[in-house]
Amino acid sequence: MTITDTTVGSAGPGTGASAGTSAASAGTAGPTVRRLIQQQVLPDGSDSDVVSLYVDTEPAAVEVDGDEGGMSRRMRDAVSAAMGSASASAPALHPDQIRSRRSVVVRSGAKLSFGTYFNAFPASYWRRWTVVETVSLAITLRGPGATVVLMKSMANGRSQRVDAASTSGDESETFSWDLTLKPFVDGGWYWYDVVAGDADVLVEDARWTAEVPEERAEHGTVDLAITTMNRPDFCAKLLGQIGDDADLRPYLDEVLVMEQGKDLVTDSPEFPAAQEALGSVLRVIEQGNLGGSGGYARGQLESVRKGTATYLMCMDDDVICEPEGIIRAITFADLARRPTLVGGHMFSLYARSRLHSWGEVVQPWRFWWQSAAGVHSDWDFSARNLRSSRWLHKRVDVDFNGWFMCLIPRVVLEEIGLSLPVFIKWDDSEYGLRAKEAGYPTVSFPGAAVWHIPWTDKNDALDWQSYFHQRNRFVAALLHSPYPGGGRMVQESLNHQVKHLVSMQYSTVEIRHQALLDLLEGPEFLHRTLATRLPEIRAMAKKHTDARLVTDRDDLPTVKRKKPPRKGRDDVGHLGPRQITMRALKSPIRQFSKPRELSRRHAEAEIMAMDAQWFRLTRYDSAVVSMPDGTSAAFYQRDPAIFRDLFTKTVEIHLRLRREWPRLATEYRAALTEITSPEAWERTFEPWTDPQPATSQPDASQDGASRDGADD
């Protein structure tokens with residue numbers, strides 16, 4: 001350790017970066033320069049909900065590891081809930097202690113840990129993916145008798161004290177350490193804790209720097225692509241947040257807003273301030289509703305054609321971002337061994353200390369996205385801090401990152417193409433798989449994040465979005481599945497269709513049928529129908545009562561049954577595997593029987609969204625079922641004739657899909673380069689780029705936001 005009385009300098013902002021440097025140039029042989037790679041950051045003092053993500057007053061109590069390999073999903077969820085439910089016991093940080101975005105006061109006799117999401121240093125990620133081999137930490141304190149304790153962790157979450165130092169007077173003192181990254185192959189972090197003595201201490205600043213190859217001294221720049229539709233105020237506030245951050249400004253080449261709605265961001269009262277803050281960096285592009293993939297593809301196309309930014313970052317319009325995270329993502333990508341996609345994590349917009357998405361993979365046999373092994377969902381950092389959470393210390397490798405926040409090197413866009421033309425769903429995950437096959441990894445990087453509406457609050461498994469889930473999942477599998485016939489996909493799709501049928505969700509079944517029929521038409525169908533398919537699918541779904549959502553419960557039938565439940569029992573308790581199996585055997589047979597007459601005029605039950613599993617719904621001839629977002633409900637009615645028709649089509653379509661899989665896989669893989677090329681996308685964008693007015697433009701009023709990275 002070296003102790004100095006002056007702050008450590010850092011490389012100043014530059015104009016470009018060598019993000020395309022090959023793996024062969026990794027390491028620090030040859031001339032090097034010192035570069036700032038992470039800086040201490042604090043939240044707005046009034047934002048108490050997120051303080052635990054920046055600084056931590058709680059003690060570290062490492063939980064006991066369980067052998068998750070032998071646990072059922074229900075058991076894992078219970079363990080996750082228990083581990084994330086510790087109650088706060090230490091005094092909370094008072095807002096007045098946060099003096100700026102870089103400095104914070106530790107009260108006399110108190111301890112403050114920076115072993116947090118935004119201030120710990122994710123050593124294992126730097127060790128695995130970048131040319132950095134050694135980092136230096138310099139931390140500046142002002143106040144007598146204060147101690148800074150340097151800590152590190154191992155992949156199993158065990159913490160170790162590295163060193164400590166204390167202040168000797170009232171003046172600012174800077175303590176610095178040179179730290180190797182060698183022990184962090186599988187996981188681990190560095191961080192520091194500050195303990196105040198008899199007087200308050202001001203933590204003025206802390207900087208992590210590294211010696212990097214001279215050609216990587218200057219940072220890259222980014223084109224920030226935001227797709228928006230009918231969220232003018234939300235989008236304008238995000239633009240203002242980005243524009244107001246002076247540290248971020250040198251990294252911005254252009255901020256591109258792809259406006260696809262009728263309620264324009266430019267009409268928001270928040271927009272003038274954002275426009276003034278961003279100035280010439282901001283460009284709003286109006287086009288028809290082409291979904292998230294069409295919006296992001298437009299941003300990607302503009303970035304590639306302009307050719308001045310090192311990176312393109314996809315970001316949702318309905319998020320709150322941490323601007324420091326954008327800087328960190330760029331810095332990490334600048335120093336990556338090879339061009340790397342760098343994604344951010346997702347926290348809940350409604351409970352802002354809760355982590356919703358940490359790292360995702362595509363399970364190859366089922367070809368479905370899921371959390372990476374060992375990852376817990378909905379983790380509350382205010383209840384269980386980083387230092388106490390073992391699973392957060394193991395490095396998590398991913399297949400893709402949601403485009404709610406994802407940085408893509410321009411050289412990758414130029415080589416492997418732009419987004420698939422799929423409107424929404426699977427565009428981001430397919431792109432991650434495509435990049436991986438081309439040798440470009442994706443890293444979901446700690447310290448880069450946004451706050452977003454959790455996917456669990458959406459209804460996209462049942463409504464019009466299920467069309468895109470179904471079709472696009474199969475498109476991605478045809479392109480990337482390593483198994484003949486897509487592994488379990490066809491069988492699983494058939495199973496899901498039967499579940500929807502016995503649940504009286506006929507609209508979902510029909511539009512999922514159409515998704516597969518469209519898939520069978522071949523890849524040229526994707527661009528041709530990108531701007532028109534949504535209204536057609538919505539109209540198809542509305543033929544069935546289960547798709548007619550009603551916000552006023554009094555507008556739906558009342559609950560009435562001629563025969564009461566057996567022994568007065570309801571159907572919301574726990575069902576064991578044997579009970580579920582028996583219902584699975586009986587349910588399809590029951591669907592051919594005549595419905596009870598009273599169920600045509602009244603609902604037999606009112607079922608909350610959380611209880612609306614197929615094995616409950618199949619017991620009724622009608623039911624009022626609420627939606628997961630809590631805003632509406634629908635009237636489900638069993639119809640044997642519709643069941644017979646849709647069941648027959650289900651079997652026929654899936655048999656055909658299984659039979660034609662080899663042909664389709666060949667066609668889609670052969671067409672991938674063409675359908676994702678800038679030239680193909682330019683043709684699709686012509687109605688909104690041609691100086692002559694188009695004779696007919698698709699309706700931009702339909703709701704088609706992007707997927708946000710996973711199950712929207």
# chains A, B, ... in the order shown; residues from 1 in each chain; ligands from 1
>>> residues_around(residues="Met229 (chain A)", least_positions_apart="2", cutoff="7 Å", atoms="only C-alpha atoms", output="tab-separated table (two decimals) with C-alpha atoms, in the first residue's frame")
chain	number	residue	atom	x	y	z
A	231	ARG	CA	-44.95	7.32	-23.39
A	259	GLU	CA	-40.83	7.78	-32.16
A	260	GLN	CA	-43.47	5.22	-33.19
A	261	GLY	CA	-46.60	6.53	-31.47
A	705	ALA	CA	-43.36	-1.80	-26.98
>>> residues_around(residues="Thr116 (chain A)", least_positions_apart="5", cutoff="12 Å", atoms="only C-alpha atoms", output="count of residues only")
33
>>> residues_around(residues="region 607-615 of chain A", least_positions_apart="6", cutoff="6 Å", atoms="only C-alpha atoms", output="list of chain:residue names")
A:Lys499, A:Ser503, A:Val625, A:Ser626, A:Met627, A:Pro628
>>> residues_around(residues="Leu137 (chain A)", least_positions_apart="3", cutoff="6 Å", atoms="only C-alpha atoms", output="PDB file with N, CA and C atoms, in the first residue's frame")
ATOM      1  N   SER A 176      -3.941   4.665  -1.304  1.00  0.00           N
ATOM      2  CA  SER A 176      -4.007   3.938  -2.571  1.00  0.00           C
ATOM      3  C   SER A 176      -3.408   2.548  -2.436  1.00  0.00           C
ATOM      4  N   TRP A 177      -3.956   1.616  -3.208  1.00  0.00           N
ATOM      5  CA  TRP A 177      -3.488   0.230  -3.242  1.00  0.00           C
ATOM      6  C   TRP A 177      -3.412  -0.251  -4.691  1.00  0.00           C
ATOM      7  N   ARG A 207     -11.533   6.185  -6.583  1.00  0.00           N
ATOM      8  CA  ARG A 207     -11.343   5.897  -8.006  1.00  0.00           C
ATOM      9  C   ARG A 207     -10.583   4.592  -8.188  1.00  0.00           C
ATOM     10  N   TRP A 208     -11.068   3.813  -9.121  1.00  0.00           N
ATOM     11  CA  TRP A 208     -10.387   2.591  -9.545  1.00  0.00           C
ATOM     12  C   TRP A 208      -9.752   2.880 -10.900  1.00  0.00           C
TER      13      TRP A 208
END
>>> closest_residue(among="A:Arg107, A:Ser113, A:Leu655, A:Ile408", to="Leu224 (chain A)", atoms="only C-alpha atoms")
A:Ile408
>>> residues_around(residues="Tyr506 (chain A)", least_positions_apart="3", cutoff="12 Å", atoms="only C-alpha atoms", output="VMD selection string")
chain A and resid 462 to 463 497 to 503 509 to 513 540 to 548 635 to 647 650
